[in-house]
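Trainee: Structure in structure tokens, see below.
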Amino acid sequence: MEKLHEECGIFGIIADRPINAAGHAAAALLSLQHRGQQSAGIVAFDGGKMIVKKDLGLVTDIFGQDFLDSCAFTHTAAGHVRYSAARENGINTTSNLSVNAQPITVSHKCAAFSLSHNGSLTNAAHLRQKIAEKGGVFYTTNDSEIVAVLIVEQCLKTHDLEKAVFNVMDAVEGAFSIIVGTEDKLVAARDKNGFRPLCMGRLNGATVFASESCALDCIGAEFVRDIAAGELVSADKSGQIITLQKDLKGVKRGLCVFEYVYFARPDSFIDGISVHAARMEMGRLLFRQKPTNADMVCGVPDSGISAAYGYAEESGIPYGSAFIKNRYVGRTFIAPTQPKREQMVGSKLSPLKASILGKRIVLVDDSIVRGTTSANIIKALRVAGAKEVHMRISSPPFKYPCYFGTDVDSRENLIANHYTVDEICRKIGADSLVYLPYKDLMNIKFGRDVGFCGGCFDGKYPIKIIH
């Protein structure tokens with residue numbers, strides 16, 4: 001792992017008339033592809049049956065015209081894109097990735113539904129054991145199936161889907177933004193801390209839920225609002241909305257700050273904050289931290305570009321493109337060996353020699369995990385003729401695991417736990433290295449009432465972690 005991965009993106013749409021729900025879902029998932037590139041799935045509800053298509057691969061590889069034609073006119077559809085979690089019972093085989101593809105579907109006498117889940121439960125092991133002791137059988141190794149089983153249990157007690165999901169929100173701990181779909185309704189819910197984003201929109205009378213507002217923009221939907229932390233919102237075919245809200249007294253807000261640093265698309269708004277504007281501000285603050293003389297500022301595509309614009313604006317140093325990104329290189333995680341993966345990473349970025357030759361360059365990126373990619377990029381710049389390369393990182397050093405849906409599972413894999421900033425600078429071959437201070441990152445709120453989780457930087461989490 002060199003770049004961090006968010007594990008999932010979710011989407012759902014419901015209308016009062018038959019529409020191209022699955023087509024809208026496929027388009028929306030394509031705009032959420034950055035949140036998960038290992039598997040994707042769509043469930044369309046058609047006259048009491050679920051039409052399911054999910055597989056390993058990218059959205060454009062999975063959802064062909066045959067599938068879209070088979071469910072062209074339905075009221076409801078839900079979708080999911082996914083990276084695998086770092087901790088899935090220690091299993092990470094291809095077959096495991098396939099069986100864990102979502103949405104999860106449930107056909108039970110009390111409820112037939114799909115479940116799309118973004119996040120990771122901190123009490124998953126405990127819940128799995130309790131369910132197994134009662135005779136429960138699991139078919140996947142992910143946390144999401146636990147949520148599905150608990151919803152069924154609550155449906156048997158309440159005979160009400162909204163109440164069932166609302167009750168489950170108290171039983172599970174950690175990060176969950178979920179969309180539960182049935183023939184007649186969609187139920188969206190977000191955990192009390194608000195670790196992962198979730199928003200709501202409208203499209204010609206249809207109600208839409210998505211991980212990011214960019215998915216709404218993609219299909220022409222109007223953004224309505226974010227789903228609040230601890231809130232459940234249910235929409236039926238007629239457009240009737242039911243909202244339920246958990247008591248948040250004593251609950252610490254914990255939106256993952258790395259959504260703004262890297263995970264989310266720059267054209268999204270999350271909890272009222274523009275991702276692009278936040279990254280621009282990170283770049284401005286980086287320059288103020290240590291003003292540096294240079295000839296050109298450039299961002300590592302794509303995650304460092306917005307912050308690089310901010311750095312250039314604040315410093316007055318011209319922004320320039322130092323790389324061409326080859327978007328047709330295969331996904332590096334499927335390569336069989338680490339040298340092969342590194343070779344594929346290198347082939348994704350080609351230096352623009354005419355722009356680089358003889359230049360002092362400020363290179364902006366979102367993070368350094370192991371340092372391998374940074375070292376390779378800096379080496380490529382020097383080979384292309386860069387005179388100096390000054391590395392600037394728009395987040396603090398990573399030192400702690402994430403338990404809420406990011407694939408950082410071990411301190412051992414993080415370079416900042418083994419070396420000082422000066423040592424990292426030498427290892428990656430930079431002339432200087434500056435990270436954005438923790439306090440500066442956590443204060444980028446633009447006056448909004450948002451509380452961030454920065455546990456991967458300081459080891460302090462909004463909820464208690466039981467190891």
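Note on naming: chains are A, B, ... as they come in the structure tokens, residues start from 1 per chain, ligands start from 1 in the order shown.
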Go through region 229-261 of chain A and flag each residue having an atom no more than 12 Å from region 385-401 of chain A; for those, report the closest pair of atoms plus their distance in Å to one decimal, using only C-alpha atoms, ordered by chain and rising number, as JSON lines.

Mentor:
```
{"residue": "A:Val257", "atom": "CA", "partner": "A:Ser395", "partner_atom": "CA", "distance": 9.5}
{"residue": "A:Phe258", "atom": "CA", "partner": "A:Ser395", "partner_atom": "CA", "distance": 8.4}
{"residue": "A:Glu259", "atom": "CA", "partner": "A:Ser395", "partner_atom": "CA", "distance": 11.5}
{"residue": "A:Tyr260", "atom": "CA", "partner": "A:Ser395", "partner_atom": "CA", "distance": 10.0}
{"residue": "A:Val261", "atom": "CA", "partner": "A:Ser395", "partner_atom": "CA", "distance": 6.9}
```

Trainee: Suppose we keep C-alpha atoms; can you now write the selection as a PDB file, in the first residue's frame?

Mentor:
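Written file, result-v6.pdb:
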```pdb
ATOM      1  CA  VAL A 257     -10.689  14.769   7.718  1.00  0.00           C
ATOM      2  CA  PHE A 258      -8.985  12.743   5.001  1.00  0.00           C
ATOM      3  CA  GLU A 259     -12.160  13.030   2.955  1.00  0.00           C
ATOM      4  CA  TYR A 260     -11.023  16.596   2.323  1.00  0.00           C
ATOM      5  CA  VAL A 261      -7.336  15.760   2.017  1.00  0.00           C
TER       6      VAL A 261
END
```

Trainee: Go through region 1-71 of chain A residue by residue and, counting only C-alpha atoms, keep those with an atom at most 9 Å from region 105-127 of chain A; for each kept residue give the shortest atom pair and its distance in Å to one decimal, ordered by chain and increasing number, as CSV.

Mentor:
```
residue,atom,partner,partner_atom,distance
A:Glu6,CA,A:Gly119,CA,8.5
A:Glu7,CA,A:Asn118,CA,6.8
A:Cys8,CA,A:Asn118,CA,5.0
A:Gly9,CA,A:Asn118,CA,6.2
A:Ile10,CA,A:Ser116,CA,5.9
A:Phe11,CA,A:Ser116,CA,7.7
A:Gly12,CA,A:Ser116,CA,8.7
A:Val43,CA,A:Ser114,CA,7.0
A:Gly48,CA,A:Ala112,CA,8.8
A:Lys49,CA,A:Ala112,CA,8.9
A:Met50,CA,A:Thr105,CA,8.3
A:Val52,CA,A:Thr105,CA,8.4
```

Trainee: Provide the CA of Thr406 (chain A) to CA of Leu216 (chain A) distance in Å, to one decimal place.

Mentor: 23.5 Å

Trainee: Just list as a ChimeraX atom specification whatever in region 127-196 of chain A DSSP marks as strand (DSSP E).

Mentor: /A:177-181,185-190

Trainee: So which residues touch region 28-42 of chain A within 8 Å, counting only C-alpha atoms, skipping near sequence neighbours fewer than 4 positions away, as a PDB file with N, CA, C and O atoms, in the first residue's frame?

Mentor:
```pdb
ATOM      1  N   HIS A   5      -6.574   4.011   0.603  1.00  0.00           N
ATOM      2  CA  HIS A   5      -7.822   3.732  -0.090  1.00  0.00           C
ATOM      3  C   HIS A   5      -8.994   3.897   0.864  1.00  0.00           C
ATOM      4  O   HIS A   5      -8.970   3.387   1.980  1.00  0.00           O
ATOM      5  N   GLU A   6     -10.010   4.600   0.406  1.00  0.00           N
ATOM      6  CA  GLU A   6     -11.307   4.598   1.061  1.00  0.00           C
ATOM      7  C   GLU A   6     -11.988   3.343   0.583  1.00  0.00           C
ATOM      8  O   GLU A   6     -11.787   2.908  -0.534  1.00  0.00           O
ATOM      9  N   GLU A   7     -12.829   2.756   1.425  1.00  0.00           N
ATOM     10  CA  GLU A   7     -13.315   1.431   1.069  1.00  0.00           C
ATOM     11  C   GLU A   7     -14.542   1.416   0.176  1.00  0.00           C
ATOM     12  O   GLU A   7     -14.767   0.438  -0.526  1.00  0.00           O
ATOM     13  N   CYS A   8     -15.386   2.432   0.199  1.00  0.00           N
ATOM     14  CA  CYS A   8     -16.661   2.298  -0.498  1.00  0.00           C
ATOM     15  C   CYS A   8     -17.267   3.622  -0.925  1.00  0.00           C
ATOM     16  O   CYS A   8     -17.014   4.669  -0.339  1.00  0.00           O
ATOM     17  N   GLY A   9     -18.113   3.523  -1.952  1.00  0.00           N
ATOM     18  CA  GLY A   9     -19.014   4.593  -2.334  1.00  0.00           C
ATOM     19  C   GLY A   9     -20.389   3.996  -2.526  1.00  0.00           C
ATOM     20  O   GLY A   9     -20.528   2.883  -3.055  1.00  0.00           O
ATOM     21  N   ILE A  10     -21.453   4.705  -2.088  1.00  0.00           N
ATOM     22  CA  ILE A  10     -22.803   4.153  -2.147  1.00  0.00           C
ATOM     23  C   ILE A  10     -23.751   5.122  -2.833  1.00  0.00           C
ATOM     24  O   ILE A  10     -23.532   6.338  -2.841  1.00  0.00           O
ATOM     25  N   PHE A  11     -24.837   4.539  -3.404  1.00  0.00           N
ATOM     26  CA  PHE A  11     -25.803   5.339  -4.150  1.00  0.00           C
ATOM     27  C   PHE A  11     -27.150   4.639  -4.140  1.00  0.00           C
ATOM     28  O   PHE A  11     -27.230   3.413  -4.121  1.00  0.00           O
ATOM     29  N   ALA A  22     -31.446   1.949 -12.861  1.00  0.00           N
ATOM     30  CA  ALA A  22     -30.145   1.278 -12.919  1.00  0.00           C
ATOM     31  C   ALA A  22     -29.146   2.087 -13.741  1.00  0.00           C
ATOM     32  O   ALA A  22     -27.955   2.140 -13.418  1.00  0.00           O
ATOM     33  N   HIS A  24     -29.110   5.370 -14.057  1.00  0.00           N
ATOM     34  CA  HIS A  24     -28.677   6.467 -13.187  1.00  0.00           C
ATOM     35  C   HIS A  24     -27.666   5.965 -12.154  1.00  0.00           C
ATOM     36  O   HIS A  24     -26.680   6.646 -11.848  1.00  0.00           O
ATOM     37  N   VAL A  52     -29.880  -8.342  -9.807  1.00  0.00           N
ATOM     38  CA  VAL A  52     -28.585  -8.067  -9.179  1.00  0.00           C
ATOM     39  C   VAL A  52     -27.455  -8.278 -10.180  1.00  0.00           C
ATOM     40  O   VAL A  52     -27.410  -9.286 -10.882  1.00  0.00           O
ATOM     41  N   LYS A  53     -26.550  -7.321 -10.213  1.00  0.00           N
ATOM     42  CA  LYS A  53     -25.326  -7.463 -11.003  1.00  0.00           C
ATOM     43  C   LYS A  53     -24.172  -6.897 -10.198  1.00  0.00           C
ATOM     44  O   LYS A  53     -24.150  -5.709  -9.871  1.00  0.00           O
ATOM     45  N   LYS A  54     -23.209  -7.750  -9.845  1.00  0.00           N
ATOM     46  CA  LYS A  54     -22.029  -7.274  -9.129  1.00  0.00           C
ATOM     47  C   LYS A  54     -20.861  -8.188  -9.451  1.00  0.00           C
ATOM     48  O   LYS A  54     -21.027  -9.387  -9.667  1.00  0.00           O
ATOM     49  N   ASP A  55     -19.669  -7.602  -9.477  1.00  0.00           N
ATOM     50  CA  ASP A  55     -18.493  -8.373  -9.887  1.00  0.00           C
ATOM     51  C   ASP A  55     -17.236  -7.588  -9.528  1.00  0.00           C
ATOM     52  O   ASP A  55     -17.299  -6.418  -9.135  1.00  0.00           O
ATOM     53  N   LEU A  56     -16.097  -8.233  -9.705  1.00  0.00           N
ATOM     54  CA  LEU A  56     -14.816  -7.540  -9.591  1.00  0.00           C
ATOM     55  C   LEU A  56     -14.607  -6.666 -10.816  1.00  0.00           C
ATOM     56  O   LEU A  56     -15.009  -7.031 -11.924  1.00  0.00           O
ATOM     57  N   GLY A  57     -13.970  -5.535 -10.632  1.00  0.00           N
ATOM     58  CA  GLY A  57     -13.644  -4.685 -11.757  1.00  0.00           C
ATOM     59  C   GLY A  57     -14.222  -3.288 -11.619  1.00  0.00           C
ATOM     60  O   GLY A  57     -14.773  -2.908 -10.586  1.00  0.00           O
ATOM     61  N   LEU A  58     -14.090  -2.525 -12.691  1.00  0.00           N
ATOM     62  CA  LEU A  58     -14.559  -1.149 -12.726  1.00  0.00           C
ATOM     63  C   LEU A  58     -16.004  -1.092 -13.219  1.00  0.00           C
ATOM     64  O   LEU A  58     -16.503  -2.032 -13.843  1.00  0.00           O
ATOM     65  N   VAL A  59     -16.647   0.021 -12.950  1.00  0.00           N
ATOM     66  CA  VAL A  59     -18.048   0.192 -13.314  1.00  0.00           C
ATOM     67  C   VAL A  59     -18.267  -0.057 -14.800  1.00  0.00           C
ATOM     68  O   VAL A  59     -19.197  -0.767 -15.194  1.00  0.00           O
ATOM     69  N   THR A  60     -17.398   0.496 -15.629  1.00  0.00           N
ATOM     70  CA  THR A  60     -17.578   0.357 -17.074  1.00  0.00           C
ATOM     71  C   THR A  60     -17.351  -1.068 -17.554  1.00  0.00           C
ATOM     72  O   THR A  60     -17.820  -1.443 -18.638  1.00  0.00           O
ATOM     73  N   ILE A  62     -18.309  -3.791 -15.746  1.00  0.00           N
ATOM     74  CA  ILE A  62     -19.303  -4.689 -15.154  1.00  0.00           C
ATOM     75  C   ILE A  62     -20.697  -4.504 -15.735  1.00  0.00           C
ATOM     76  O   ILE A  62     -21.389  -5.477 -16.041  1.00  0.00           O
ATOM     77  N   ALA A  77     -33.311   1.654  -7.473  1.00  0.00           N
ATOM     78  CA  ALA A  77     -32.031   0.967  -7.667  1.00  0.00           C
ATOM     79  C   ALA A  77     -31.041   1.459  -6.619  1.00  0.00           C
ATOM     80  O   ALA A  77     -31.122   2.603  -6.148  1.00  0.00           O
ATOM     81  N   ALA A  78     -30.129   0.584  -6.247  1.00  0.00           N
ATOM     82  CA  ALA A  78     -29.081   0.936  -5.289  1.00  0.00           C
ATOM     83  C   ALA A  78     -27.759   0.384  -5.793  1.00  0.00           C
ATOM     84  O   ALA A  78     -27.727  -0.652  -6.473  1.00  0.00           O
ATOM     85  N   GLY A  79     -26.667   1.072  -5.470  1.00  0.00           N
ATOM     86  CA  GLY A  79     -25.367   0.645  -5.982  1.00  0.00           C
ATOM     87  C   GLY A  79     -24.240   0.829  -4.994  1.00  0.00           C
ATOM     88  O   GLY A  79     -24.401   1.440  -3.930  1.00  0.00           O
ATOM     89  N   HIS A  80     -23.083   0.295  -5.393  1.00  0.00           N
ATOM     90  CA  HIS A  80     -21.935   0.267  -4.486  1.00  0.00           C
ATOM     91  C   HIS A  80     -20.654   0.103  -5.284  1.00  0.00           C
ATOM     92  O   HIS A  80     -20.615  -0.643  -6.273  1.00  0.00           O
ATOM     93  N   VAL A  81     -19.609   0.823  -4.920  1.00  0.00           N
ATOM     94  CA  VAL A  81     -18.249   0.564  -5.404  1.00  0.00           C
ATOM     95  C   VAL A  81     -17.363   0.335  -4.196  1.00  0.00           C
ATOM     96  O   VAL A  81     -17.597   0.901  -3.128  1.00  0.00           O
ATOM     97  N   ARG A  82     -16.295  -0.447  -4.385  1.00  0.00           N
ATOM     98  CA  ARG A  82     -15.614  -0.950  -3.196  1.00  0.00           C
ATOM     99  C   ARG A  82     -14.125  -1.211  -3.393  1.00  0.00           C
ATOM    100  O   ARG A  82     -13.696  -1.688  -4.429  1.00  0.00           O
ATOM    101  N   TYR A  83     -13.358  -0.840  -2.379  1.00  0.00           N
ATOM    102  CA  TYR A  83     -12.050  -1.436  -2.113  1.00  0.00           C
ATOM    103  C   TYR A  83     -12.243  -2.419  -0.973  1.00  0.00           C
ATOM    104  O   TYR A  83     -13.141  -2.242  -0.139  1.00  0.00           O
ATOM    105  N   SER A  84     -11.401  -3.419  -0.876  1.00  0.00           N
ATOM    106  CA  SER A  84     -11.499  -4.334   0.256  1.00  0.00           C
ATOM    107  C   SER A  84     -10.928  -3.672   1.490  1.00  0.00           C
ATOM    108  O   SER A  84     -10.016  -2.849   1.416  1.00  0.00           O
ATOM    109  N   LEU A  97     -12.650 -11.303  -2.428  1.00  0.00           N
ATOM    110  CA  LEU A  97     -13.048  -9.999  -2.940  1.00  0.00           C
ATOM    111  C   LEU A  97     -14.370 -10.114  -3.680  1.00  0.00           C
ATOM    112  O   LEU A  97     -15.239  -9.254  -3.577  1.00  0.00           O
ATOM    113  N   SER A  98     -14.538 -11.189  -4.422  1.00  0.00           N
ATOM    114  CA  SER A  98     -15.752 -11.371  -5.210  1.00  0.00           C
ATOM    115  C   SER A  98     -16.966 -11.568  -4.321  1.00  0.00           C
ATOM    116  O   SER A  98     -18.007 -10.953  -4.530  1.00  0.00           O
ATOM    117  N   ALA A 101     -18.351  -8.409  -2.680  1.00  0.00           N
ATOM    118  CA  ALA A 101     -18.899  -7.327  -3.492  1.00  0.00           C
ATOM    119  C   ALA A 101     -20.314  -6.990  -3.013  1.00  0.00           C
ATOM    120  O   ALA A 101     -21.072  -7.857  -2.594  1.00  0.00           O
ATOM    121  N   GLN A 102     -20.631  -5.704  -3.069  1.00  0.00           N
ATOM    122  CA  GLN A 102     -21.942  -5.234  -2.623  1.00  0.00           C
ATOM    123  C   GLN A 102     -22.686  -4.583  -3.790  1.00  0.00           C
ATOM    124  O   GLN A 102     -22.093  -4.342  -4.827  1.00  0.00           O
ATOM    125  N   PRO A 103     -23.981  -4.286  -3.599  1.00  0.00           N
ATOM    126  CA  PRO A 103     -24.803  -4.392  -2.398  1.00  0.00           C
ATOM    127  C   PRO A 103     -25.051  -5.850  -1.972  1.00  0.00           C
ATOM    128  O   PRO A 103     -25.134  -6.750  -2.810  1.00  0.00           O
ATOM    129  N   SER A 211     -22.871   8.955  -1.559  1.00  0.00           N
ATOM    130  CA  SER A 211     -21.739   9.264  -0.689  1.00  0.00           C
ATOM    131  C   SER A 211     -21.253  10.695  -0.874  1.00  0.00           C
ATOM    132  O   SER A 211     -20.863  11.343   0.093  1.00  0.00           O
ATOM    133  N   GLU A 212     -21.257  11.160  -2.131  1.00  0.00           N
ATOM    134  CA  GLU A 212     -20.753  12.507  -2.418  1.00  0.00           C
ATOM    135  C   GLU A 212     -21.688  13.247  -3.364  1.00  0.00           C
ATOM    136  O   GLU A 212     -22.358  12.633  -4.206  1.00  0.00           O
ATOM    137  N   CYS A 214     -20.885  14.912  -5.882  1.00  0.00           N
ATOM    138  CA  CYS A 214     -20.486  14.791  -7.290  1.00  0.00           C
ATOM    139  C   CYS A 214     -21.325  13.747  -8.013  1.00  0.00           C
ATOM    140  O   CYS A 214     -21.542  13.844  -9.231  1.00  0.00           O
ATOM    141  N   ALA A 215     -21.821  12.734  -7.294  1.00  0.00           N
ATOM    142  CA  ALA A 215     -22.671  11.719  -7.908  1.00  0.00           C
ATOM    143  C   ALA A 215     -24.028  12.301  -8.286  1.00  0.00           C
ATOM    144  O   ALA A 215     -24.637  11.894  -9.273  1.00  0.00           O
ATOM    145  N   LEU A 216     -24.505  13.261  -7.494  1.00  0.00           N
ATOM    146  CA  LEU A 216     -25.751  13.941  -7.831  1.00  0.00           C
ATOM    147  C   LEU A 216     -25.553  14.800  -9.073  1.00  0.00           C
ATOM    148  O   LEU A 216     -26.382  14.804  -9.989  1.00  0.00           O
ATOM    149  N   CYS A 218     -23.511  14.393 -11.445  1.00  0.00           N
ATOM    150  CA  CYS A 218     -23.284  13.551 -12.617  1.00  0.00           C
ATOM    151  C   CYS A 218     -24.588  13.191 -13.322  1.00  0.00           C
ATOM    152  O   CYS A 218     -24.637  13.119 -14.549  1.00  0.00           O
ATOM    153  N   ILE A 219     -25.651  12.965 -12.551  1.00  0.00           N
ATOM    154  CA  ILE A 219     -26.924  12.553 -13.153  1.00  0.00           C
ATOM    155  C   ILE A 219     -27.902  13.719 -13.261  1.00  0.00           C
ATOM    156  O   ILE A 219     -29.072  13.522 -13.620  1.00  0.00           O
ATOM    157  N   PHE A 263      -9.671  11.589  -0.179  1.00  0.00           N
ATOM    158  CA  PHE A 263     -10.654  10.620  -0.640  1.00  0.00           C
ATOM    159  C   PHE A 263     -11.678  11.202  -1.601  1.00  0.00           C
ATOM    160  O   PHE A 263     -11.970  10.635  -2.648  1.00  0.00           O
ATOM    161  N   ALA A 264     -12.296  12.309  -1.220  1.00  0.00           N
ATOM    162  CA  ALA A 264     -13.422  12.837  -1.990  1.00  0.00           C
ATOM    163  C   ALA A 264     -12.949  13.508  -3.274  1.00  0.00           C
ATOM    164  O   ALA A 264     -11.813  13.972  -3.379  1.00  0.00           O
ATOM    165  N   ARG A 265     -13.858  13.555  -4.253  1.00  0.00           N
ATOM    166  CA  ARG A 265     -13.558  14.277  -5.479  1.00  0.00           C
ATOM    167  C   ARG A 265     -13.568  15.772  -5.201  1.00  0.00           C
ATOM    168  O   ARG A 265     -14.371  16.257  -4.403  1.00  0.00           O
TER     169      ARG A 265
END
```

Trainee: Near Gly310 (chain A), counting only C-alpha atoms, which residues have an atom at most 10 Å away, once you skip same-chain residues fewer than 2 positions from it, shown as a list in words?

Mentor: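 The filter keeps His276, Ala277, Ala278, Arg279, Met280, Glu281, Met282, Gly283, Arg284, Leu285, Leu286, Phe287, Val297, Ile305, Ser306, Ala307, Ala308, Ala312, Glu313, Glu314, Ser315, Gly316 and Tyr319 of chain A.
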
Trainee: Take the selection from the previous step and output its residues with N, CA and C atoms, as a compact mmCIF listing (two decimals), in the first residue's frame.

Mentor:
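The resulting file, part09.txt, is shown below:
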```txt
# COMPACT_ATOMS: atom_id res chain seq x y z
N HIS A 276 -12.60 21.16 -2.94
CA HIS A 276 -11.58 21.91 -3.67
C HIS A 276 -11.12 23.12 -2.86
N ALA A 277 -12.06 23.85 -2.27
CA ALA A 277 -11.69 25.03 -1.47
C ALA A 277 -10.86 24.63 -0.26
N ALA A 278 -11.21 23.51 0.36
CA ALA A 278 -10.44 23.04 1.52
C ALA A 278 -9.01 22.71 1.12
N ARG A 279 -8.85 22.05 -0.02
CA ARG A 279 -7.49 21.69 -0.47
C ARG A 279 -6.70 22.92 -0.89
N MET A 280 -7.38 23.88 -1.50
CA MET A 280 -6.70 25.15 -1.82
C MET A 280 -6.15 25.79 -0.55
N GLU A 281 -6.97 25.78 0.52
CA GLU A 281 -6.53 26.38 1.78
C GLU A 281 -5.36 25.61 2.37
N MET A 282 -5.35 24.30 2.24
CA MET A 282 -4.21 23.50 2.71
C MET A 282 -2.93 23.95 2.01
N GLY A 283 -3.03 24.20 0.71
CA GLY A 283 -1.86 24.66 -0.04
C GLY A 283 -1.39 26.03 0.43
N ARG A 284 -2.33 26.94 0.69
CA ARG A 284 -1.96 28.27 1.18
C ARG A 284 -1.22 28.16 2.52
N LEU A 285 -1.77 27.31 3.39
CA LEU A 285 -1.17 27.15 4.72
C LEU A 285 0.21 26.49 4.63
N LEU A 286 0.40 25.61 3.66
CA LEU A 286 1.71 24.99 3.48
C LEU A 286 2.77 26.03 3.14
N PHE A 287 2.43 26.98 2.28
CA PHE A 287 3.41 28.02 1.94
C PHE A 287 3.72 28.88 3.16
N VAL A 297 5.38 25.54 -9.19
CA VAL A 297 4.64 24.67 -8.27
C VAL A 297 3.87 23.66 -9.10
N ILE A 305 -3.31 18.30 -6.79
CA ILE A 305 -3.44 19.44 -7.70
C ILE A 305 -4.12 20.64 -7.05
N SER A 306 -5.24 20.42 -6.34
CA SER A 306 -5.95 21.55 -5.72
C SER A 306 -5.08 22.25 -4.68
N ALA A 307 -4.38 21.48 -3.86
CA ALA A 307 -3.50 22.07 -2.86
C ALA A 307 -2.35 22.82 -3.53
N ALA A 308 -1.87 22.29 -4.65
CA ALA A 308 -0.80 22.97 -5.39
C ALA A 308 -1.29 24.31 -5.93
N ALA A 312 0.47 27.85 -5.05
CA ALA A 312 0.91 28.78 -6.09
C ALA A 312 0.25 30.15 -5.91
N GLU A 313 -1.04 30.16 -5.58
CA GLU A 313 -1.76 31.42 -5.38
C GLU A 313 -1.17 32.22 -4.23
N GLU A 314 -0.87 31.53 -3.13
CA GLU A 314 -0.34 32.21 -1.95
C GLU A 314 1.10 32.67 -2.14
N SER A 315 1.88 31.88 -2.84
CA SER A 315 3.31 32.17 -2.98
C SER A 315 3.63 33.11 -4.13
N GLY A 316 2.75 33.14 -5.13
CA GLY A 316 3.04 33.90 -6.34
C GLY A 316 3.93 33.16 -7.31
N TYR A 319 2.04 28.16 -11.26
CA TYR A 319 1.67 26.76 -11.27
C TYR A 319 1.98 26.18 -12.64
```

Trainee: Can you work out the spacing between CA of Leu363 (chain A) and CA of Asp407 (chain A) in Å, to one decimal?

Mentor: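 Value for the CA of Leu363 (chain A)-CA of Asp407 (chain A) distance: 24.9 Å.
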
Trainee: What does the structure give for the distance between CA of Pro266 (chain A) and CA of Val224 (chain A), in Å to one decimal?

Mentor: 18.8 Å

Trainee: Taking into account only C-alpha atoms, which residue in the set A:Gly272, A:Pro301, A:Gly194, A:Pro291 is nearest to Gly451 (chain A)?

Mentor: A:Gly194

Trainee: Contacts between region 239-255 of chain A and region 78-188 of chain A, please, where a residue of region 78-188 of chain A counts if it comes within 9 Å (with only C-alpha atoms); show its shortest atom pair and distance in Å to one decimal, rows by chain and ascending number, as a Markdown table.

Mentor:
```
| residue | atom | partner | partner_atom | distance |
| --- | --- | --- | --- | --- |
| A:Glu162 | CA | A:Leu244 | CA | 8.5 |
| A:Lys163 | CA | A:Leu244 | CA | 8.9 |
| A:Phe166 | CA | A:Leu244 | CA | 7.6 |
| A:Met169 | CA | A:Lys246 | CA | 8.7 |
| A:Asp170 | CA | A:Lys246 | CA | 8.8 |
```

Trainee: Take the residues from that selection and write them out as a PDB file, in the first residue's frame, keeping all heavy atoms.

Mentor:
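New file part05.pdb:
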```pdb
ATOM      1  N   GLU A 162     -37.922   1.168   8.877  1.00  0.00           N
ATOM      2  CA  GLU A 162     -37.260   2.354   9.449  1.00  0.00           C
ATOM      3  C   GLU A 162     -36.886   2.115  10.911  1.00  0.00           C
ATOM      4  O   GLU A 162     -35.759   2.431  11.327  1.00  0.00           O
ATOM      5  CB  GLU A 162     -38.167   3.586   9.338  1.00  0.00           C
ATOM      6  CG  GLU A 162     -38.277   4.149   7.938  1.00  0.00           C
ATOM      7  CD  GLU A 162     -39.402   3.523   7.145  1.00  0.00           C
ATOM      8  OE1 GLU A 162     -40.080   2.608   7.681  1.00  0.00           O
ATOM      9  OE2 GLU A 162     -39.612   3.935   5.988  1.00  0.00           O
ATOM     10  N   LYS A 163     -37.825   1.566  11.685  1.00  0.00           N
ATOM     11  CA  LYS A 163     -37.529   1.311  13.108  1.00  0.00           C
ATOM     12  C   LYS A 163     -36.417   0.273  13.246  1.00  0.00           C
ATOM     13  O   LYS A 163     -35.568   0.380  14.142  1.00  0.00           O
ATOM     14  CB  LYS A 163     -38.783   0.830  13.824  1.00  0.00           C
ATOM     15  CG  LYS A 163     -39.829   1.912  14.042  1.00  0.00           C
ATOM     16  CD  LYS A 163     -41.042   1.366  14.781  1.00  0.00           C
ATOM     17  CE  LYS A 163     -42.097   2.440  14.976  1.00  0.00           C
ATOM     18  NZ  LYS A 163     -43.310   1.895  15.664  1.00  0.00           N
ATOM     19  N   PHE A 166     -33.152   1.978  12.450  1.00  0.00           N
ATOM     20  CA  PHE A 166     -32.876   2.948  13.512  1.00  0.00           C
ATOM     21  C   PHE A 166     -32.378   2.239  14.775  1.00  0.00           C
ATOM     22  O   PHE A 166     -31.460   2.713  15.447  1.00  0.00           O
ATOM     23  CB  PHE A 166     -34.142   3.751  13.812  1.00  0.00           C
ATOM     24  CG  PHE A 166     -33.910   5.038  14.556  1.00  0.00           C
ATOM     25  CD1 PHE A 166     -33.136   6.050  14.001  1.00  0.00           C
ATOM     26  CD2 PHE A 166     -34.473   5.243  15.808  1.00  0.00           C
ATOM     27  CE1 PHE A 166     -32.925   7.240  14.675  1.00  0.00           C
ATOM     28  CE2 PHE A 166     -34.270   6.433  16.497  1.00  0.00           C
ATOM     29  CZ  PHE A 166     -33.494   7.440  15.928  1.00  0.00           C
ATOM     30  N   MET A 169     -28.776   1.079  14.447  1.00  0.00           N
ATOM     31  CA  MET A 169     -27.801   2.169  14.595  1.00  0.00           C
ATOM     32  C   MET A 169     -27.242   2.249  16.007  1.00  0.00           C
ATOM     33  O   MET A 169     -26.151   2.779  16.218  1.00  0.00           O
ATOM     34  CB  MET A 169     -28.441   3.503  14.196  1.00  0.00           C
ATOM     35  CG  MET A 169     -28.744   3.617  12.710  1.00  0.00           C
ATOM     36  SD  MET A 169     -29.745   5.081  12.309  1.00  0.00           S
ATOM     37  CE  MET A 169     -28.570   6.413  12.641  1.00  0.00           C
ATOM     38  N   ASP A 170     -27.962   1.738  16.999  1.00  0.00           N
ATOM     39  CA  ASP A 170     -27.466   1.714  18.379  1.00  0.00           C
ATOM     40  C   ASP A 170     -26.633   0.473  18.672  1.00  0.00           C
ATOM     41  O   ASP A 170     -25.823   0.464  19.602  1.00  0.00           O
ATOM     42  CB  ASP A 170     -28.639   1.769  19.369  1.00  0.00           C
ATOM     43  CG  ASP A 170     -29.304   3.131  19.407  1.00  0.00           C
ATOM     44  OD1 ASP A 170     -28.589   4.140  19.265  1.00  0.00           O
ATOM     45  OD2 ASP A 170     -30.533   3.183  19.572  1.00  0.00           O
TER      46      ASP A 170
END
```
